[in-house]
Amino acid sequence: MKFVIKLDNCIRQIEHHLLWVLLATIFVILTATVFCRYVLGTPITWTEEFLTMVFTWMVFIGASSALSTHQHIRIDFMLRILPARFDKLAAIAAVFVCLAVFAVLIHFGLKYVHTTWNDLTPMMGVTFGFYTLALPVTSLCAALHIIRICLETGVRTALQSTLEQQNEVEISA
């Protein structure tokens, strides 16, 4: 259990810092692109491909990071319909479904990376595998986040949003 928590802490830190670096990269590249195009009159040709790759990674890392900090949305209409005695069973089912989805995304994401690895982008000549690698890598991170939360606070809270957790604290107080 300690290994999972330490590994997840490390991944959370990497995600946090990468998101800031990727956002700053997008800002700098976009600013340079606009400056070169409209002030210097010479566009930078590779920026669209590069920004697409950076944005792709940023979206997937952001989704995983949001899951780790309970900042995601949750559609809970089924939980509202079910009697309260089925809460724990529904939470267990939701965790298993999420982990199964992540397992499928990892499996087929790796297959997709394998098929795109030899294809190169037209302007930069970089493998498309870097784009597609975002899916299995961040799916693995998201699965680890869910497992860690289950180990620390239990299955019932693993997929709760921050708002739901705050509401429970207010109700119990």
# chains A, B, ... in the order shown; residues from 1 in each chain; ligands from 1

call {"tool": "residues_around", "arguments": {"residues": "Ala94 (chain A)", "least_positions_apart": "5", "cutoff": "9 Å", "atoms": "only C-alpha atoms", "output": "ChimeraX atom specification"}}
result
/A:89,99,159

call {"tool": "residues_around", "arguments": {"residues": "Thr121 (chain A)", "least_positions_apart": "2", "cutoff": "12 Å", "atoms": "only C-alpha atoms", "output": "ChimeraX atom specification"}}
result
/A:46-50,52-53,116-119,123-131

call {"tool": "write_last_selection", "arguments": {"atoms": "N, CA and C atoms", "output": "CSV table (one decimal), in the first residue's frame"}}
result
chain,number,residue,atom,x,y,z
A,46,TRP,N,5.9,25.0,-38.2
A,46,TRP,CA,5.7,23.8,-37.4
A,46,TRP,C,4.9,24.0,-36.1
A,47,THR,N,4.5,25.2,-35.8
A,47,THR,CA,3.9,25.5,-34.6
A,47,THR,C,2.5,24.8,-34.4
A,48,GLU,N,1.7,24.7,-35.5
A,48,GLU,CA,0.4,24.1,-35.4
A,48,GLU,C,0.5,22.6,-34.9
A,49,GLU,N,1.5,21.9,-35.6
A,49,GLU,CA,1.7,20.5,-35.2
A,49,GLU,C,2.1,20.4,-33.7
A,50,PHE,N,3.1,21.2,-33.4
A,50,PHE,CA,3.6,21.1,-32.0
A,50,PHE,C,2.6,21.5,-31.0
A,52,THR,N,-0.6,21.3,-31.3
A,52,THR,CA,-1.6,20.2,-31.2
A,52,THR,C,-1.1,19.0,-30.3
A,53,MET,N,0.2,18.7,-30.4
A,53,MET,CA,0.7,17.6,-29.6
A,53,MET,C,0.7,18.1,-28.1
A,116,THR,N,0.8,3.8,-35.0
A,116,THR,CA,1.2,5.1,-35.5
A,116,THR,C,2.6,5.5,-35.3
A,117,TRP,N,3.4,4.6,-34.6
A,117,TRP,CA,4.8,5.0,-34.3
A,117,TRP,C,5.6,5.3,-35.5
A,118,ASN,N,5.4,4.6,-36.6
A,118,ASN,CA,6.2,4.8,-37.8
A,118,ASN,C,5.7,6.0,-38.7
A,119,ASP,N,4.6,6.5,-38.4
A,119,ASP,CA,4.0,7.6,-39.2
A,119,ASP,C,4.6,8.9,-38.6
A,123,MET,N,5.3,18.4,-41.0
A,123,MET,CA,6.2,19.6,-40.8
A,123,MET,C,7.4,19.3,-39.9
A,124,MET,N,7.2,18.6,-38.8
A,124,MET,CA,8.3,18.4,-37.8
A,124,MET,C,9.0,17.1,-38.0
A,125,GLY,N,8.3,16.2,-38.7
A,125,GLY,CA,8.9,14.8,-38.9
A,125,GLY,C,9.0,14.0,-37.6
A,126,VAL,N,8.1,14.3,-36.7
A,126,VAL,CA,8.1,13.6,-35.4
A,126,VAL,C,7.0,12.5,-35.5
A,127,THR,N,7.3,11.4,-34.8
A,127,THR,CA,6.3,10.3,-34.9
A,127,THR,C,5.0,10.7,-34.3
A,128,PHE,N,3.9,10.2,-34.9
A,128,PHE,CA,2.6,10.4,-34.4
A,128,PHE,C,2.4,9.6,-33.1
A,129,GLY,N,3.3,8.7,-32.8
A,129,GLY,CA,3.2,7.9,-31.6
A,129,GLY,C,3.2,8.8,-30.4
A,130,PHE,N,3.9,10.0,-30.5
A,130,PHE,CA,3.9,10.9,-29.3
A,130,PHE,C,2.5,11.4,-29.0
A,131,TYR,N,1.7,11.6,-30.0
A,131,TYR,CA,0.4,12.1,-29.8
A,131,TYR,C,-0.4,11.0,-29.1

call {"tool": "atom_distance", "arguments": {"atom1": "CA of Thr33 (chain A)", "atom2": "CA of Leu133 (chain A)"}}
result
26.0 Å

call {"tool": "closest_residue", "arguments": {"among": "A:Val137, A:Leu7, A:Arg12, A:Ala24", "to": "Ser68 (chain A)", "atoms": "only C-alpha atoms"}}
result
A:Arg12

call {"tool": "select_by_dssp", "arguments": {"residues": "chain A", "states": "alpha helix (DSSP H)", "output": "PyMOL selection string"}}
result
chain A and resi 2-34+47-68+77-81+87-116+129-132+134-153+162-172

call {"tool": "closest_residue", "arguments": {"among": "A:Gln13, A:Ala134, A:Ile29, A:Phe102", "to": "Thr56 (chain A)", "atoms": "only C-alpha atoms"}}
result
A:Ala134

call {"tool": "atom_distance", "arguments": {"atom1": "CA of Thr162 (chain A)", "atom2": "CA of Val54 (chain A)"}}
result
27.7 Å

call {"tool": "closest_residue", "arguments": {"among": "A:Thr115, A:Thr69, A:Thr132, A:Ser139", "to": "Ser161 (chain A)", "atoms": "only C-alpha atoms"}}
result
A:Thr69

call {"tool": "closest_residue", "arguments": {"among": "A:Trp57, A:Ala32, A:Thr45, A:Met1", "to": "Trp20 (chain A)", "atoms": "only C-alpha atoms"}}
result
A:Trp57

call {"tool": "residues_around", "arguments": {"residues": "Leu140 (chain A)", "least_positions_apart": "6", "cutoff": "9 Å", "atoms": "only C-alpha atoms", "output": "list in words"}}
result
Ser64, Phe102, Ala103, Leu105 and Ile106 of chain A

call {"tool": "decode", "arguments": {"residues": "region 18-167 of chain A", "atoms": "C-alpha atoms", "output": "short mmCIF file (atom, residue, chain, number, x, y, z; two decimals), in the first residue's frame"}}
result
data_model
loop_
_atom_site.label_atom_id
_atom_site.label_comp_id
_atom_site.auth_asym_id
_atom_site.auth_seq_id
_atom_site.Cartn_x
_atom_site.Cartn_y
_atom_site.Cartn_z
CA LEU A 18 3.83 19.14 -16.46
CA LEU A 19 0.49 20.92 -16.73
CA TRP A 20 2.13 24.24 -15.84
CA VAL A 21 5.02 23.62 -18.23
CA LEU A 22 2.68 22.64 -21.07
CA LEU A 23 0.44 25.66 -20.49
CA ALA A 24 3.46 27.98 -20.44
CA THR A 25 4.77 26.31 -23.60
CA ILE A 26 1.48 26.91 -25.38
CA PHE A 27 1.51 30.56 -24.32
CA VAL A 28 5.10 31.15 -25.44
CA ILE A 29 4.73 29.35 -28.78
CA LEU A 30 1.44 31.09 -29.58
CA THR A 31 2.90 34.47 -28.70
CA ALA A 32 5.97 33.81 -30.85
CA THR A 33 3.78 32.57 -33.70
CA VAL A 34 1.60 35.68 -33.67
CA PHE A 35 4.65 37.94 -33.43
CA CYS A 36 6.47 36.24 -36.30
CA ARG A 37 3.40 36.14 -38.53
CA TYR A 38 2.05 39.65 -38.01
CA VAL A 39 5.11 41.67 -37.01
CA LEU A 40 7.93 39.98 -38.92
CA GLY A 41 5.74 38.68 -41.74
CA THR A 42 7.32 35.20 -41.64
CA PRO A 43 5.14 32.48 -40.13
CA ILE A 44 6.65 29.59 -38.19
CA THR A 45 5.45 26.50 -40.04
CA TRP A 46 5.74 23.79 -37.39
CA THR A 47 3.86 25.46 -34.55
CA GLU A 48 0.42 24.06 -35.36
CA GLU A 49 1.66 20.46 -35.16
CA PHE A 50 3.64 21.15 -32.02
CA LEU A 51 0.80 22.96 -30.28
CA THR A 52 -1.62 20.17 -31.19
CA MET A 53 0.71 17.64 -29.59
CA VAL A 54 1.22 19.77 -26.47
CA PHE A 55 -2.51 20.45 -26.15
CA THR A 56 -3.33 16.75 -26.58
CA TRP A 57 -1.00 15.84 -23.75
CA MET A 58 -2.28 18.70 -21.61
CA VAL A 59 -5.90 17.57 -21.98
CA PHE A 60 -5.16 13.96 -21.08
CA ILE A 61 -2.86 14.83 -18.18
CA GLY A 62 -5.45 17.34 -16.96
CA ALA A 63 -8.16 14.68 -16.99
CA SER A 64 -6.00 12.31 -14.97
CA SER A 65 -5.00 15.06 -12.57
CA ALA A 66 -8.61 16.12 -12.08
CA LEU A 67 -9.52 12.54 -11.18
CA SER A 68 -6.74 12.41 -8.59
CA THR A 69 -7.97 15.56 -6.85
CA HIS A 70 -11.73 14.91 -7.19
CA GLN A 71 -12.12 17.90 -9.52
CA HIS A 72 -14.04 15.93 -12.15
CA ILE A 73 -17.74 15.82 -12.84
CA ARG A 74 -19.83 12.85 -11.85
CA ILE A 75 -23.22 11.97 -13.21
CA ASP A 76 -25.04 10.60 -10.21
CA PHE A 77 -28.67 10.31 -11.26
CA MET A 78 -28.58 6.53 -10.69
CA LEU A 79 -27.29 7.05 -7.16
CA ARG A 80 -30.19 9.39 -6.47
CA ILE A 81 -32.69 6.77 -7.65
CA LEU A 82 -31.16 3.86 -5.70
CA PRO A 83 -31.98 3.35 -2.04
CA ALA A 84 -29.20 4.43 0.32
CA ARG A 85 -28.39 0.81 1.22
CA PHE A 86 -27.02 0.31 -2.32
CA ASP A 87 -24.52 3.19 -2.11
CA LYS A 88 -21.52 1.00 -1.35
CA LEU A 89 -22.45 -1.57 -4.00
CA ALA A 90 -22.89 1.20 -6.58
CA ALA A 91 -19.53 2.71 -5.60
CA ILE A 92 -17.80 -0.67 -5.98
CA ALA A 93 -19.44 -1.19 -9.36
CA ALA A 94 -18.43 2.32 -10.50
CA VAL A 95 -14.81 1.77 -9.47
CA PHE A 96 -14.67 -1.57 -11.27
CA VAL A 97 -16.24 -0.09 -14.39
CA CYS A 98 -13.76 2.81 -14.36
CA LEU A 99 -10.81 0.49 -13.89
CA ALA A 100 -12.10 -1.76 -16.68
CA VAL A 101 -12.46 1.23 -19.01
CA PHE A 102 -8.93 2.34 -18.18
CA ALA A 103 -7.64 -1.19 -18.81
CA VAL A 104 -9.30 -1.17 -22.24
CA LEU A 105 -7.90 2.30 -22.98
CA ILE A 106 -4.41 1.19 -21.98
CA HIS A 107 -4.60 -1.99 -24.06
CA PHE A 108 -6.01 -0.47 -27.23
CA GLY A 109 -4.07 2.77 -26.69
CA LEU A 110 -0.82 0.82 -26.79
CA LYS A 111 -1.98 -0.95 -29.94
CA TYR A 112 -2.77 2.44 -31.48
CA VAL A 113 0.65 3.77 -30.47
CA HIS A 114 2.23 0.75 -32.15
CA THR A 115 0.35 1.40 -35.41
CA THR A 116 1.15 5.13 -35.46
CA TRP A 117 4.76 4.98 -34.30
CA ASN A 118 6.24 4.84 -37.82
CA ASP A 119 4.03 7.62 -39.19
CA LEU A 120 5.70 11.01 -39.15
CA THR A 121 4.15 14.46 -38.92
CA PRO A 122 4.52 16.42 -42.17
CA MET A 123 6.21 19.56 -40.80
CA MET A 124 8.26 18.42 -37.81
CA GLY A 125 8.93 14.85 -38.90
CA VAL A 126 8.10 13.57 -35.41
CA THR A 127 6.32 10.28 -34.87
CA PHE A 128 2.55 10.41 -34.40
CA GLY A 129 3.20 7.92 -31.62
CA PHE A 130 3.93 10.87 -29.32
CA TYR A 131 0.36 12.07 -29.83
CA THR A 132 -1.22 8.68 -29.26
CA LEU A 133 1.00 7.78 -26.31
CA ALA A 134 -0.96 10.25 -24.20
CA LEU A 135 -3.97 7.91 -24.02
CA PRO A 136 -2.39 4.79 -22.49
CA VAL A 137 0.04 6.71 -20.26
CA THR A 138 -2.59 8.93 -18.67
CA SER A 139 -5.10 6.08 -18.44
CA LEU A 140 -2.55 4.15 -16.41
CA CYS A 141 -2.02 7.20 -14.18
CA ALA A 142 -5.78 7.68 -13.72
CA ALA A 143 -6.22 4.01 -12.78
CA LEU A 144 -3.44 4.38 -10.21
CA HIS A 145 -5.15 7.48 -8.78
CA ILE A 146 -8.40 5.54 -8.31
CA ILE A 147 -6.61 2.59 -6.69
CA ARG A 148 -4.78 4.93 -4.31
CA ILE A 149 -7.98 6.72 -3.29
CA CYS A 150 -9.68 3.36 -2.69
CA LEU A 151 -6.80 2.24 -0.47
CA GLU A 152 -6.69 5.51 1.49
CA THR A 153 -10.30 6.52 1.96
CA GLY A 154 -12.35 3.60 0.70
CA VAL A 155 -14.27 2.68 -2.41
CA ARG A 156 -17.23 4.88 -1.56
CA THR A 157 -15.23 8.12 -1.91
CA ALA A 158 -13.04 7.07 -4.83
CA LEU A 159 -15.14 8.70 -7.52
CA GLN A 160 -16.80 11.43 -5.50
CA SER A 161 -16.29 15.01 -6.59
CA THR A 162 -15.03 17.64 -4.19
CA LEU A 163 -18.52 19.13 -4.04
CA GLU A 164 -20.00 15.79 -2.94
CA GLN A 165 -17.31 15.41 -0.28
CA GLN A 166 -18.00 18.93 1.02
CA ASN A 167 -21.73 18.23 1.16
#
